[in-house]
>>> print(open('target-v5.cif').read())   # mmCIF, C-alpha atoms
data_structure
#
loop_
_atom_site.label_atom_id
_atom_site.label_comp_id
_atom_site.auth_asym_id
_atom_site.auth_seq_id
_atom_site.Cartn_x
_atom_site.Cartn_y
_atom_site.Cartn_z
CA HIS A 1 21.73 -110.24 69.94
CA ARG A 2 18.79 -112.01 68.33
CA ASP A 3 18.21 -112.43 64.65
CA LEU A 4 16.12 -114.59 62.38
CA HIS A 5 18.78 -117.28 62.18
CA SER A 6 18.70 -117.97 65.90
CA PHE A 7 15.03 -118.88 66.11
CA PRO A 8 15.23 -122.65 65.45
CA THR A 9 17.25 -123.33 68.57
CA ARG A 10 14.71 -121.37 70.61
CA ARG A 11 11.79 -123.32 69.11
CA SER A 12 9.76 -120.16 68.80
CA SER A 13 7.64 -119.07 65.85
CA ASP A 14 6.59 -116.06 67.92
CA LEU A 15 10.18 -114.78 67.84
CA VAL A 16 10.25 -115.03 64.06
CA LYS A 17 7.00 -113.09 63.76
CA ALA A 18 8.17 -110.43 66.19
CA LEU A 19 11.43 -109.91 64.33
CA ALA A 20 9.65 -109.88 60.99
CA GLU A 21 7.27 -107.19 62.25
CA LYS A 22 10.31 -105.08 63.09
CA GLY A 23 11.45 -105.27 59.48
CA ALA A 24 13.95 -108.12 59.59
CA ASP A 25 15.03 -109.40 56.17
CA LEU A 26 13.33 -112.80 55.80
CA ASN A 27 15.59 -113.79 52.90
CA LYS A 28 18.86 -112.81 54.57
CA LYS A 29 21.67 -115.35 54.35
CA THR A 30 24.32 -116.13 56.92
CA SER A 31 27.97 -116.01 55.92
CA GLU A 32 27.68 -119.76 55.23
CA GLY A 33 24.69 -119.26 52.93
CA TRP A 34 21.83 -120.37 55.21
CA THR A 35 18.50 -118.55 55.36
CA PRO A 36 15.65 -118.60 57.92
CA LEU A 37 13.67 -120.87 55.56
CA LEU A 38 16.49 -123.39 55.19
CA ASN A 39 17.09 -123.35 58.93
CA ALA A 40 13.40 -124.03 59.56
CA ILE A 41 13.51 -126.99 57.19
CA SER A 42 16.68 -128.28 58.80
CA LEU A 43 14.96 -128.44 62.20
CA HIS A 44 11.55 -129.51 60.86
CA LYS A 45 9.58 -126.41 61.77
CA PRO A 46 6.54 -126.47 59.42
CA GLU A 47 4.79 -123.70 61.38
CA ILE A 48 7.73 -121.35 60.75
CA VAL A 49 7.96 -122.41 57.10
CA GLN A 50 4.25 -121.62 56.77
CA PHE A 51 4.74 -118.15 58.27
CA LEU A 52 7.72 -117.45 56.02
CA GLN A 53 5.80 -118.55 52.94
CA ALA A 54 2.86 -116.36 53.93
CA SER A 55 5.40 -113.53 54.12
CA LYS A 56 6.35 -114.20 50.48
CA VAL A 57 9.79 -115.67 51.13
CA ASP A 58 11.33 -117.20 48.00
CA PRO A 59 10.41 -120.95 48.05
CA ASN A 60 13.15 -121.79 45.53
CA GLN A 61 16.09 -120.92 47.75
CA LYS A 62 19.06 -123.28 47.61
CA THR A 63 21.26 -124.67 50.34
CA PRO A 64 24.97 -123.82 50.33
CA GLY A 65 25.46 -127.19 48.63
CA GLY A 66 23.11 -126.27 45.79
CA ALA A 67 20.00 -128.26 46.74
CA PRO A 68 16.66 -126.48 46.23
CA ALA A 69 14.66 -126.09 49.43
CA ILE A 70 12.11 -128.66 48.22
CA VAL A 71 14.85 -131.27 47.61
CA PHE A 72 16.37 -130.46 51.00
CA ALA A 73 13.00 -131.02 52.69
CA ALA A 74 12.35 -134.24 50.74
CA ARG A 75 15.70 -135.68 51.78
CA LYS A 76 14.66 -135.13 55.38
CA GLN A 77 11.31 -136.86 54.69
CA GLN A 78 9.32 -133.75 55.59
CA SER A 79 6.31 -134.11 53.31
CA SER A 80 4.29 -131.44 55.15
CA ILE A 81 7.01 -128.88 54.39
CA VAL A 82 7.30 -130.16 50.82
CA LYS A 83 3.56 -129.45 50.43
CA LEU A 84 3.95 -125.93 51.89
CA LEU A 85 6.78 -125.17 49.46
CA ILE A 86 4.75 -126.44 46.50
CA ASP A 87 1.77 -124.32 47.53
CA ALA A 88 4.09 -121.31 47.71
CA GLY A 89 5.30 -121.88 44.14
CA ALA A 90 8.42 -124.03 44.52
CA ASP A 91 9.57 -125.79 41.35
CA VAL A 92 8.44 -129.37 41.95
CA ASN A 93 11.07 -130.59 39.44
CA GLY A 94 13.92 -128.38 40.65
CA THR A 95 17.30 -130.15 40.75
CA ASP A 96 20.55 -129.91 42.63
CA GLN A 97 23.94 -129.90 40.95
CA ARG A 98 23.82 -133.67 40.37
CA GLY A 99 20.32 -133.68 38.92
CA TRP A 100 18.47 -134.85 42.04
CA THR A 101 14.81 -133.88 42.31
CA ALA A 102 12.60 -134.04 45.39
CA LEU A 103 10.83 -137.10 43.97
CA MET A 104 14.16 -138.88 43.55
CA ALA A 105 14.95 -138.14 47.20
CA CYS A 106 11.64 -139.73 48.22
CA ALA A 107 12.31 -142.77 46.03
CA GLU A 108 15.74 -143.18 47.61
CA THR A 109 14.50 -142.89 51.21
CA GLY A 110 11.16 -144.67 50.81
CA ASP A 111 9.06 -141.65 51.78
CA LYS A 112 5.66 -142.76 50.48
CA HIS A 113 3.67 -139.68 51.53
CA GLY A 114 6.29 -137.28 50.20
CA ALA A 115 6.32 -139.12 46.87
CA ALA A 116 2.52 -138.95 46.72
CA VAL A 117 2.50 -135.20 47.36
CA LEU A 118 5.07 -134.62 44.64
CA LEU A 119 3.46 -136.95 42.09
CA SER A 120 0.07 -135.34 42.60
CA SER A 121 1.70 -131.95 42.02
CA GLY A 122 3.26 -132.79 38.68
CA ALA A 123 6.66 -134.26 39.56
CA LYS A 124 8.24 -135.87 36.51
CA VAL A 125 9.06 -139.59 36.67
CA GLY A 126 11.36 -139.83 33.64
CA LEU A 127 14.24 -137.67 34.89
CA LYS A 128 17.61 -139.17 35.87
CA ASN A 129 20.42 -137.88 38.07
CA THR A 130 24.15 -138.30 37.56
CA ASP A 131 24.53 -140.65 40.55
CA PHE A 132 22.13 -143.54 39.92
CA LYS A 133 21.32 -142.70 36.29
CA VAL A 134 17.97 -144.50 36.49
CA THR A 135 14.34 -143.36 36.70
CA VAL A 136 12.61 -142.89 40.05
CA LEU A 137 10.62 -146.09 39.48
CA LYS A 138 13.76 -148.17 39.00
CA MET A 139 15.36 -146.44 41.99
CA ALA A 140 12.42 -147.25 44.28
CA GLU A 141 12.34 -150.85 43.03
CA ASP A 142 16.08 -151.32 43.49
CA MET A 143 15.93 -149.93 47.03
CA GLY A 144 13.07 -152.26 47.90
CA TYR A 145 10.46 -149.54 48.45
CA ASP A 146 7.52 -151.27 46.77
CA ALA A 147 4.89 -148.87 48.17
CA VAL A 148 6.66 -145.89 46.57
CA ALA A 149 7.08 -147.78 43.29
CA GLU A 150 3.35 -148.55 43.25
CA LEU A 151 2.50 -144.85 43.62
CA ILE A 152 4.78 -144.02 40.68
CA ARG A 153 2.98 -146.61 38.55
CA ASN A 154 -0.50 -145.56 39.70
CA PRO A 155 -1.24 -141.79 39.60
CA ASP A 156 -4.73 -142.25 41.05
CA ARG A 157 -3.34 -144.02 44.09
CA ALA A 158 -0.73 -141.28 44.48
CA ARG A 159 -3.43 -138.60 44.52
CA ALA A 160 -5.40 -140.52 47.15
CA GLU A 161 -2.29 -140.99 49.30
CA ALA A 162 -1.46 -137.28 49.04
CA GLU A 163 -4.81 -136.40 50.62
CA LYS A 164 -3.91 -138.30 53.78
CA PRO A 165 -2.20 -136.49 56.67
CA GLU A 166 1.54 -136.89 57.06
CA GLN A 167 2.48 -139.75 59.35
CA ALA A 168 5.40 -141.97 60.16
CA ASP A 169 5.86 -144.30 57.20
CA SER A 170 6.79 -147.84 58.17
CA ASP A 171 7.85 -148.51 54.58
CA SER A 172 10.67 -145.98 54.89
CA GLN A 173 12.75 -148.25 57.12
CA PRO A 174 13.23 -151.78 55.78
CA ASP A 175 12.98 -154.57 58.36
CA SER A 176 16.19 -156.56 57.97
CA SER A 177 14.64 -159.60 59.64
CA LYS A 178 12.18 -159.88 56.74
CA LEU A 179 14.88 -159.62 54.07
CA THR A 180 17.36 -162.23 52.91
CA MET A 181 21.07 -161.48 53.24
CA SER A 182 21.23 -160.98 49.48
CA GLN A 183 18.40 -158.43 49.59
CA TRP A 184 19.98 -156.61 52.52
CA LYS A 185 23.34 -156.38 50.74
CA LYS A 186 21.56 -154.84 47.77
CA GLN A 187 19.95 -152.25 50.08
CA VAL A 188 23.30 -151.02 51.44
CA ALA A 189 25.28 -151.40 48.19
CA PRO A 190 25.20 -147.66 47.37
CA PHE A 191 27.13 -147.05 50.61
CA ASN A 192 29.62 -149.92 50.20
CA ALA A 193 32.94 -148.61 48.92
CA ASN A 194 33.71 -152.01 47.36
CA SER A 195 30.43 -152.25 45.47
CA PHE A 196 29.94 -151.31 41.82
CA ASP A 197 26.80 -149.49 43.03
CA PHE A 198 28.76 -147.19 45.38
CA LYS A 199 27.54 -143.64 44.77
CA GLN A 200 29.85 -141.66 47.06
CA ARG A 201 26.82 -139.95 48.60
CA LEU A 202 27.34 -140.68 52.27
CA LEU A 203 24.84 -140.66 55.11
CA SER A 204 25.61 -139.53 58.64
CA GLU A 205 25.38 -142.22 61.33
CA GLU A 206 21.98 -140.84 62.39
CA GLU A 207 20.69 -140.82 58.80
CA PHE A 208 22.00 -144.33 58.13
CA LYS A 209 20.33 -145.78 61.22
CA LYS A 210 17.12 -143.92 60.50
CA ARG A 211 17.08 -145.35 57.00
CA PHE A 212 18.19 -148.93 57.71
CA GLY A 213 17.33 -149.25 61.38
CA PRO A 214 19.78 -149.59 64.28
CA PRO A 215 22.05 -152.67 64.35
CA PHE A 216 21.14 -155.22 67.03
CA GLU A 217 24.80 -155.36 68.09
CA THR A 218 27.95 -153.29 67.53
CA GLN A 219 31.67 -153.81 68.09
CA LYS A 220 34.77 -151.74 67.56
CA LEU A 221 38.08 -153.34 66.59
CA GLY A 222 40.88 -150.90 65.96
CA GLU A 223 39.80 -148.41 63.32
CA GLN A 224 36.84 -150.52 62.23
CA ALA A 225 33.30 -150.55 63.63
CA MET A 226 31.23 -153.71 63.21
CA TRP A 227 27.46 -153.36 62.91
CA TYR A 228 25.32 -156.51 62.94
CA TYR A 229 21.89 -156.94 61.35
CA LYS A 230 19.68 -160.03 61.54
CA CYS A 231 18.21 -161.20 58.23
CA SER A 232 15.68 -163.94 57.53
CA ASP A 233 18.39 -166.40 56.51
CA GLY A 234 21.41 -165.29 58.49
CA LEU A 235 23.51 -162.54 59.98
CA ILE A 236 25.02 -159.55 58.19
CA GLN A 237 28.15 -157.87 59.51
CA LEU A 238 28.87 -154.39 58.17
CA VAL A 239 32.48 -153.32 58.51
CA ILE A 240 32.46 -149.53 58.88
CA GLU A 241 35.37 -147.08 58.70
CA ALA A 242 35.01 -145.72 62.24
CA ALA A 243 37.32 -142.76 61.62
CA PHE A 244 35.06 -141.48 58.81
CA ILE A 245 31.73 -141.62 60.64
CA GLU A 246 31.82 -138.23 62.34
CA GLN A 247 33.70 -136.30 59.67
CA GLN A 248 32.42 -137.78 56.40
CA GLY A 249 29.63 -140.24 57.10
CA VAL A 250 29.12 -144.00 57.03
CA VAL A 251 31.51 -145.77 54.65
CA ILE A 252 31.03 -149.53 54.46
CA LYS A 253 34.35 -151.26 53.87
CA ASP A 254 33.01 -154.80 53.71
CA VAL A 255 29.81 -156.84 54.12
CA ASN A 256 30.14 -160.32 55.61
CA GLU A 257 27.49 -163.02 55.79
CA GLN A 258 26.90 -165.80 58.31
CA SER A 259 24.31 -168.42 57.44
CA LEU A 260 21.81 -169.58 60.05
CA HIS A 261 23.09 -173.10 59.44
CA GLY A 262 26.36 -172.31 61.19
CA GLU A 263 27.32 -170.73 64.48
CA PRO A 264 27.95 -166.97 64.21
CA ARG A 265 31.65 -166.25 64.10
CA PRO A 266 33.15 -163.45 66.21
CA ALA A 267 34.24 -160.41 64.23
CA GLU A 268 37.81 -160.44 63.05
CA ALA A 269 40.04 -157.42 62.68
CA PRO A 270 40.69 -156.57 59.02
CA LYS A 271 43.96 -157.96 57.75
CA LYS A 272 46.65 -155.47 56.92
CA ASN A 273 48.53 -155.68 53.66
#
>>> encode(input="target-v5.cif", output="structure tokens")
Amino acid sequence: HRDLHSFPTRRSSDLVKALAEKGADLNKKTSEGWTPLLNAISLHKPEIVQFLQASKVDPNQKTPGGAPAIVFAARKQQSSIVKLLIDAGADVNGTDQRGWTALMACAETGDKHGAAVLLSSGAKVGLKNTDFKVTVLKMAEDMGYDAVAELIRNPDRARAEAEKPEQADSDSQPDSSKLTMSQWKKQVAPFNANSFDFKQRLLSEEEFKKRFGPPFETQKLGEQAMWYYKCSDGLIQLVIEAAFIEQQGVVIKDVNEQSLHGEPRPAEAPKKN
């Protein structure tokens, strides 16, 4: 049996159109609360989102977790879909249950083009969420996304950037080799359970590596995974709770440094109390 919720796995906008022509409910939710629009965003299908918006689907739908469609798309760095949702009437300043807006999501992930689209469409820069409790400018600065911060400071530049086609944004993934160990530790602090900046908003392994880049080397010792990143002045070892990765996301238990002045030490298993 085919329905509108099965189309993403078939990669077919024609199927969506055919079912819609037969009177399928374009706003219908699954038992888990997902709609055709949210599924299309999840699998980055702008052509299906465009068809659904042309069919007058509600652009302000929310995920089962309470995130507006535009925030959901921004978190996935899908600026073309963000633009389609805005054109269809989505609330550019809509928030999830913790006060996150789409612009905040772009500031957190370093999505320059997404931020430009939102800023040029009236996204507010003075709002704060309950996690970071800072403005989007401070968030972008703290995360090291200078290009996004510059757009927030300069509306004219944001409008010019928004006119450009969507493309892979090199600023969205920091190059650890160009950062000091101190800067790199600051980047991952929100995901370090022992940091005062820990926000308890976890990323999946795929999302973490997309955001920070893949480690150049990995190890597994007992229940801990060790991920290594090269910085400009040394080596960073992230100690990850391996058991949490698949079920909950990446939880950093510790961050260790090794200066370039000394020989890298082999990873040691965490000591038990």
>>> residues_near_point(input="target-v5.cif", point="(4.0, -138.3, 48.3)", cutoff="8 Å", atoms="all atoms listed in the file", output="ChimeraX atom specification")
/A:79,106,111-120,158,161-162
>>> residues_around(input="target-v5.cif", residues="stretch 256-259 of chain A", least_positions_apart="4", cutoff="6 Å", atoms="all atoms listed in the file", output="PyMOL selection string")
chain A and resi 234-237
>>> resolve_selection(input="target-v5.cif", expression="the PyMOL selection byres ((chain A and resi 39-46) around 12)", output="PyMOL selection string")
chain A and resi 4-13+16+26-30+32-38+47-53+59+61-64+68-85+166
>>> residues_around(input="target-v5.cif", residues="stretch 177-190 of chain A", least_positions_apart="5", cutoff="12 Å", atoms="only C-alpha atoms", output="PyMOL selection string")
chain A and resi 108-110+131-132+139-145+195-203+208-209+211-213+215-216+228-240+250-260
>>> atom_distance(input="target-v5.cif", atom1="atom CA of A:Lys138", atom2="atom CA of A:Ala193")
21.6 Å
>>> closest_residue(input="target-v5.cif", among="A:Ala18, A:Met226, A:Ala67, A:Val57", to="A:Arg98", atoms="all atoms listed in the file")
A:Ala67
>>> decode(input="target-v5.cif", residues="stretch 178-190 of chain A", atoms="all heavy atoms", output="mmCIF file, in the first residue's frame")
data_model
loop_
_atom_site.group_PDB
_atom_site.id
_atom_site.type_symbol
_atom_site.label_atom_id
_atom_site.label_comp_id
_atom_site.auth_asym_id
_atom_site.auth_seq_id
_atom_site.Cartn_x
_atom_site.Cartn_y
_atom_site.Cartn_z
ATOM 1 N N LYS A 178 43.563 24.526 11.766
ATOM 2 C CA LYS A 178 43.778 25.969 11.765
ATOM 3 C C LYS A 178 43.396 26.613 13.098
ATOM 4 O O LYS A 178 43.508 27.822 13.262
ATOM 5 C CB LYS A 178 42.986 26.615 10.625
ATOM 6 C CG LYS A 178 43.445 26.167 9.240
ATOM 7 C CD LYS A 178 42.642 26.844 8.151
ATOM 8 C CE LYS A 178 43.105 26.391 6.772
ATOM 9 N NZ LYS A 178 42.321 27.009 5.686
ATOM 10 N N LEU A 179 42.941 25.784 14.038
ATOM 11 C CA LEU A 179 42.554 26.279 15.355
ATOM 12 C C LEU A 179 43.545 25.804 16.405
ATOM 13 O O LEU A 179 44.145 24.738 16.281
ATOM 14 C CB LEU A 179 41.150 25.777 15.722
ATOM 15 C CG LEU A 179 39.997 26.169 14.803
ATOM 16 C CD1 LEU A 179 38.712 25.489 15.273
ATOM 17 C CD2 LEU A 179 39.807 27.676 14.778
ATOM 18 N N THR A 180 43.717 26.598 17.449
ATOM 19 C CA THR A 180 44.526 26.154 18.576
ATOM 20 C C THR A 180 43.715 25.148 19.390
ATOM 21 O O THR A 180 42.492 25.037 19.236
ATOM 22 C CB THR A 180 44.912 27.330 19.475
ATOM 23 O OG1 THR A 180 43.712 27.880 20.069
ATOM 24 C CG2 THR A 180 45.631 28.413 18.689
ATOM 25 N N MET A 181 44.401 24.426 20.270
ATOM 26 C CA MET A 181 43.681 23.465 21.121
ATOM 27 C C MET A 181 42.648 24.165 21.990
ATOM 28 O O MET A 181 41.558 23.648 22.216
ATOM 29 C CB MET A 181 44.686 22.684 21.973
ATOM 30 C CG MET A 181 45.550 21.715 21.174
ATOM 31 S SD MET A 181 46.582 20.653 22.215
ATOM 32 C CE MET A 181 47.787 21.859 22.836
ATOM 33 N N SER A 182 42.988 25.358 22.462
ATOM 34 C CA SER A 182 42.056 26.122 23.291
ATOM 35 C C SER A 182 40.804 26.493 22.503
ATOM 36 O O SER A 182 39.681 26.394 23.011
ATOM 37 C CB SER A 182 42.744 27.384 23.809
ATOM 38 O OG SER A 182 41.847 28.174 24.561
ATOM 39 N N GLN A 183 40.988 26.918 21.258
ATOM 40 C CA GLN A 183 39.844 27.266 20.411
ATOM 41 C C GLN A 183 38.990 26.043 20.109
ATOM 42 O O GLN A 183 37.762 26.122 20.090
ATOM 43 C CB GLN A 183 40.340 27.904 19.114
ATOM 44 C CG GLN A 183 40.943 29.286 19.284
ATOM 45 C CD GLN A 183 41.595 29.805 18.016
ATOM 46 O OE1 GLN A 183 42.182 29.038 17.251
ATOM 47 N NE2 GLN A 183 41.497 31.099 17.791
ATOM 48 N N TRP A 184 39.638 24.915 19.859
ATOM 49 C CA TRP A 184 38.902 23.695 19.537
ATOM 50 C C TRP A 184 38.082 23.219 20.735
ATOM 51 O O TRP A 184 36.934 22.787 20.597
ATOM 52 C CB TRP A 184 39.875 22.604 19.096
ATOM 53 C CG TRP A 184 39.210 21.343 18.624
ATOM 54 C CD1 TRP A 184 39.242 20.122 19.215
ATOM 55 C CD2 TRP A 184 38.405 21.176 17.451
ATOM 56 N NE1 TRP A 184 38.519 19.220 18.495
ATOM 57 C CE2 TRP A 184 37.982 19.835 17.413
ATOM 58 C CE3 TRP A 184 37.994 22.045 16.438
ATOM 59 C CZ2 TRP A 184 37.187 19.327 16.394
ATOM 60 C CZ3 TRP A 184 37.193 21.544 15.423
ATOM 61 C CH2 TRP A 184 36.796 20.200 15.413
ATOM 62 N N LYS A 185 38.660 23.312 21.937
ATOM 63 C CA LYS A 185 37.933 22.925 23.138
ATOM 64 C C LYS A 185 36.694 23.796 23.332
ATOM 65 O O LYS A 185 35.646 23.319 23.772
ATOM 66 C CB LYS A 185 38.847 23.026 24.362
ATOM 67 C CG LYS A 185 39.908 21.931 24.423
ATOM 68 C CD LYS A 185 40.866 22.131 25.580
ATOM 69 C CE LYS A 185 40.186 21.920 26.906
ATOM 70 N NZ LYS A 185 41.144 22.006 28.043
ATOM 71 N N LYS A 186 36.820 25.061 22.975
ATOM 72 C CA LYS A 186 35.678 25.967 23.087
ATOM 73 C C LYS A 186 34.586 25.575 22.100
ATOM 74 O O LYS A 186 33.392 25.677 22.397
ATOM 75 C CB LYS A 186 36.136 27.408 22.831
ATOM 76 C CG LYS A 186 35.060 28.455 23.082
ATOM 77 C CD LYS A 186 35.618 29.856 22.915
ATOM 78 C CE LYS A 186 34.554 30.910 23.199
ATOM 79 N NZ LYS A 186 35.089 32.289 23.036
ATOM 80 N N GLN A 187 34.982 25.103 20.911
ATOM 81 C CA GLN A 187 34.014 24.685 19.892
ATOM 82 C C GLN A 187 33.151 23.529 20.391
ATOM 83 O O GLN A 187 31.946 23.496 20.165
ATOM 84 C CB GLN A 187 34.753 24.258 18.615
ATOM 85 C CG GLN A 187 35.435 25.376 17.864
ATOM 86 C CD GLN A 187 34.530 26.022 16.829
ATOM 87 O OE1 GLN A 187 33.425 25.555 16.583
ATOM 88 N NE2 GLN A 187 34.984 27.086 16.228
ATOM 89 N N VAL A 188 33.786 22.549 21.049
ATOM 90 C CA VAL A 188 33.052 21.339 21.445
ATOM 91 C C VAL A 188 32.496 21.415 22.857
ATOM 92 O O VAL A 188 31.826 20.479 23.313
ATOM 93 C CB VAL A 188 33.944 20.083 21.302
ATOM 94 C CG1 VAL A 188 34.404 19.910 19.870
ATOM 95 C CG2 VAL A 188 35.142 20.134 22.252
ATOM 96 N N ALA A 189 32.744 22.522 23.563
ATOM 97 C CA ALA A 189 32.307 22.658 24.958
ATOM 98 C C ALA A 189 30.818 22.391 25.168
ATOM 99 O O ALA A 189 30.434 21.766 26.161
ATOM 100 C CB ALA A 189 32.688 24.038 25.497
ATOM 101 N N PRO A 190 29.925 22.834 24.256
ATOM 102 C CA PRO A 190 28.505 22.572 24.485
ATOM 103 C C PRO A 190 28.137 21.091 24.495
ATOM 104 O O PRO A 190 27.040 20.730 24.909
ATOM 105 C CB PRO A 190 27.832 23.293 23.303
ATOM 106 C CG PRO A 190 28.798 24.357 22.914
ATOM 107 C CD PRO A 190 30.133 23.735 23.105
#
